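Asks: Below are the structure tokens for one structure; questions will follow.
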Amino acid sequence: MDRYLVNFNINDIPAEHYDAVIIGSGIAGVYTALQTDRRVNIAVITKETLDISNSVLAQGGIAVSLDKDDSPECHFKDTIYAGAGLCNEETVWTLVSEAAENIEILCRYGVNFDKSDEHHLALSREGAHSRNRIVHTGDATGKEVCDTLIHALIKHDNVRIYERTYAIDIITDNRKCIGILSYLEDSGEYKLFLADAIVCASGGYGQLYNYTTNPPVATGDGAAMAYRAGCRLMDLEFVQFHPTVLYHPQNRSFLISEAVRGEGAVLLNEKGERFMQGCHPMAELAPRDVVSRAIFREIGKTGSTHVYLDISHKEPEYVKHRFPTIYKTCLQYGIDITRDKIPVAPAAHYSMGGIMTDSYGRTGIEGFYACGEAACNGIHGANRLASNSLLEGLVFGRRIALEISSRVLGRTKHETVIPDNLVVSEKKNGPLEDAGELKSRLRRLMTEKVGIIRNEENLKEALNQVMEIKRETEGKACTTIEQWELVNMLTLAELVIKSALMRKESRGAHYRTDYPHTDDVNFRKNTII
Ligand code: SIN
């Protein structure tokens, strides 16, 4: 594996100096920028436009224990239970105990959460939560939060935003991160962002799969670039499949929020029978991995392609008001959710694994931090509890913001020194052709062989095929975003499969038919690559 994706001579690339550079404009990236001291000079670089991220698409909400019958202890317990024995208790405690103060900050920025009365936020329920604790804005919470935060960010004059700017690689010198090599899509030029602190908040790797709720940008670039630079990655085998994604010939990526089940929707098979009651005491509100597997099995049993989610027993005006986005979107496809059952099937939704960090987002490389879905600090374990992901971006984004503020403001001089001899010139044998077609091949392979249900034979076959595609790409020149994404996806696919092969047990989102039981003696530990 080459250390850098492209050949370059550091002296030939125009450079800009910042105190901190943040990659990604989802909740983790934007909130980190907002919470950093205003004296810190920041660049936020994002692959597409500011408003394109996984966070924007989040429907359900943000988990926080605000109810009088709830507590951080109770939220902690539910998170640990859903995580199937692999959560890091210290970081989970940080997450749940710092939740309320961050929600308060969001309210101060002007986020308009739904209220139950003049003084209280409305709290809804989602899978594996033992209390009502999801604050939300209808069914478009991510959009409300991101729009509000972005609106605040563009007024910060210490922050410069670079859209359509692709982070190719972090530049390191003696295990210290000094900047990012990036590509400006509009001008077709490379640019170096040099900084004392680089924060990777570039999201997960849902695009490894054919069917995903993630936007096209979620190609695992952050984890792959961190790996090339020598960072440890953790728990990559745990890919969360959301149980209820619209199943329609024209749309197989639209999320039907778990909040719909939280409001009483039931899952039905082809014959119109409920099937979750026999699977788990929490039935439709069991942890996500349990529900996704049950649907997958039900589909297999009946030979169908999907199951149904039914909320038609609820009062239509309530449903329309509580889930306006879902109502309108389904209606576009001829499904009136106040009357009709919604066809659904599981799709890849969230990457539990990522760049290994501590509770301040620190990676093993000095000056390089990771946050949000790109990171893995152990809070999600083997299966993320619903609505803990936006919360993760807030809690750990703020902690990183504090850390980089004191790092930058506490320095005695500008610490970034550019190594003037950094020249990368690997021999290349022509351009990499057909990156788009190879990406599709990879996605089909991951979907068929590394999905919800796995086994040794399929995983080995998948690994062989990934290595074959890698051989087709090796030594070829990559100069486009599509090509860089393909290389990153191949890196991640290989590591996801190797991690899945190593874990000879079933736990959380990782289920193997050849090892159907959880093996606490040998595998109650994280996979670190
Ligand atoms: C949903 O609304 O079901 C998604 C929330 C989440 O992924 O936590």
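Ordering of the structure tokens sets the chain letters (A, B, ...); residue numbers start at 1 within each chain; ligands are numbered from 1 in the order shown.
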Dump the neighbourhood of ligand 1 as JSON, numbers by chain: all residues within 9 Å, distances computed on only C-alpha atoms and all ligand atoms.
Replies: {"A": [57, 58, 59, 60, 61, 62, 63, 126, 127, 139, 140, 141, 242, 243, 244, 255, 256, 257, 258, 259, 260, 261, 349, 350, 384, 385, 386, 387, 388, 389, 390]}
Asks: Would you write out, as a Markdown table, a table of all residues in stretch 118-229 of chain A that have an atom no more than 10 Å from an atom of stretch 94-108 of chain A, listing for each the closest atom pair and the distance in Å to one decimal, considering only C-alpha atoms and ordering rows by chain and rising residue number?
Replies:
```
| residue | atom | partner | partner_atom | distance |
| --- | --- | --- | --- | --- |
| A:Val135 | CA | A:Ile103 | CA | 8.8 |
| A:Val145 | CA | A:Leu106 | CA | 7.6 |
| A:Thr148 | CA | A:Leu106 | CA | 8.6 |
| A:Leu149 | CA | A:Leu106 | CA | 8.1 |
```
Asks: Hey, what does DSSP flag as strand (DSSP E) within stretch 273-346 of chain A? Can you give it to me as a PyMOL selection string?
Replies: chain A and resi 307-310+342-346
Asks: Might you pull out every residue within 6 Å of stretch 19-30 of chain A, with only C-alpha atoms counted and same-chain residues fewer than 3 positions away left off, and present them as a ChimeraX atom specification?
Replies: /A:33,40-46,50,53,55,195-202,372,393,397
Asks: If you measure from atom CA of A:Met502 to atom CA of A:Pro516, what distance in Å do you get, rounded to one decimal?
Replies: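 Calculated distance between atom CA of A:Met502 and atom CA of A:Pro516 is 14.3 Å.
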Asks: Which stretch 91-194 of chain A residues have any atom within 12 Å of an atom of stretch 271-286 of chain A, and for each, what is the nearest pair of atoms with distance in Å to one decimal, counting only C-alpha atoms, rows sorted by chain and number, as a Markdown table?
Replies:
```
| residue | atom | partner | partner_atom | distance |
| --- | --- | --- | --- | --- |
| A:Arg125 | CA | A:Leu285 | CA | 8.8 |
| A:Glu126 | CA | A:Leu285 | CA | 6.5 |
| A:Gly127 | CA | A:Leu285 | CA | 4.0 |
| A:Ala128 | CA | A:Ala286 | CA | 5.2 |
| A:His129 | CA | A:Leu285 | CA | 8.0 |
| A:Ser130 | CA | A:Met282 | CA | 9.4 |
| A:Arg131 | CA | A:Leu285 | CA | 11.6 |
```
Asks: Using only C-alpha atoms, which residues sit within 7 Å of A:Thr527 once same-chain residues fewer than 2 positions away are excluded, as a VMD selection string?
Replies: chain A and resid 234 to 235 499 525 529
Asks: Report as a PyMOL selection string all protein, DNA and RNA residues lying within 8 Å of A:Ile150, evaluated on only C-alpha atoms, omitting residues in the same chain fewer than 3 positions from it.
Replies: chain A and resi 30+50-51+146-147+153-154
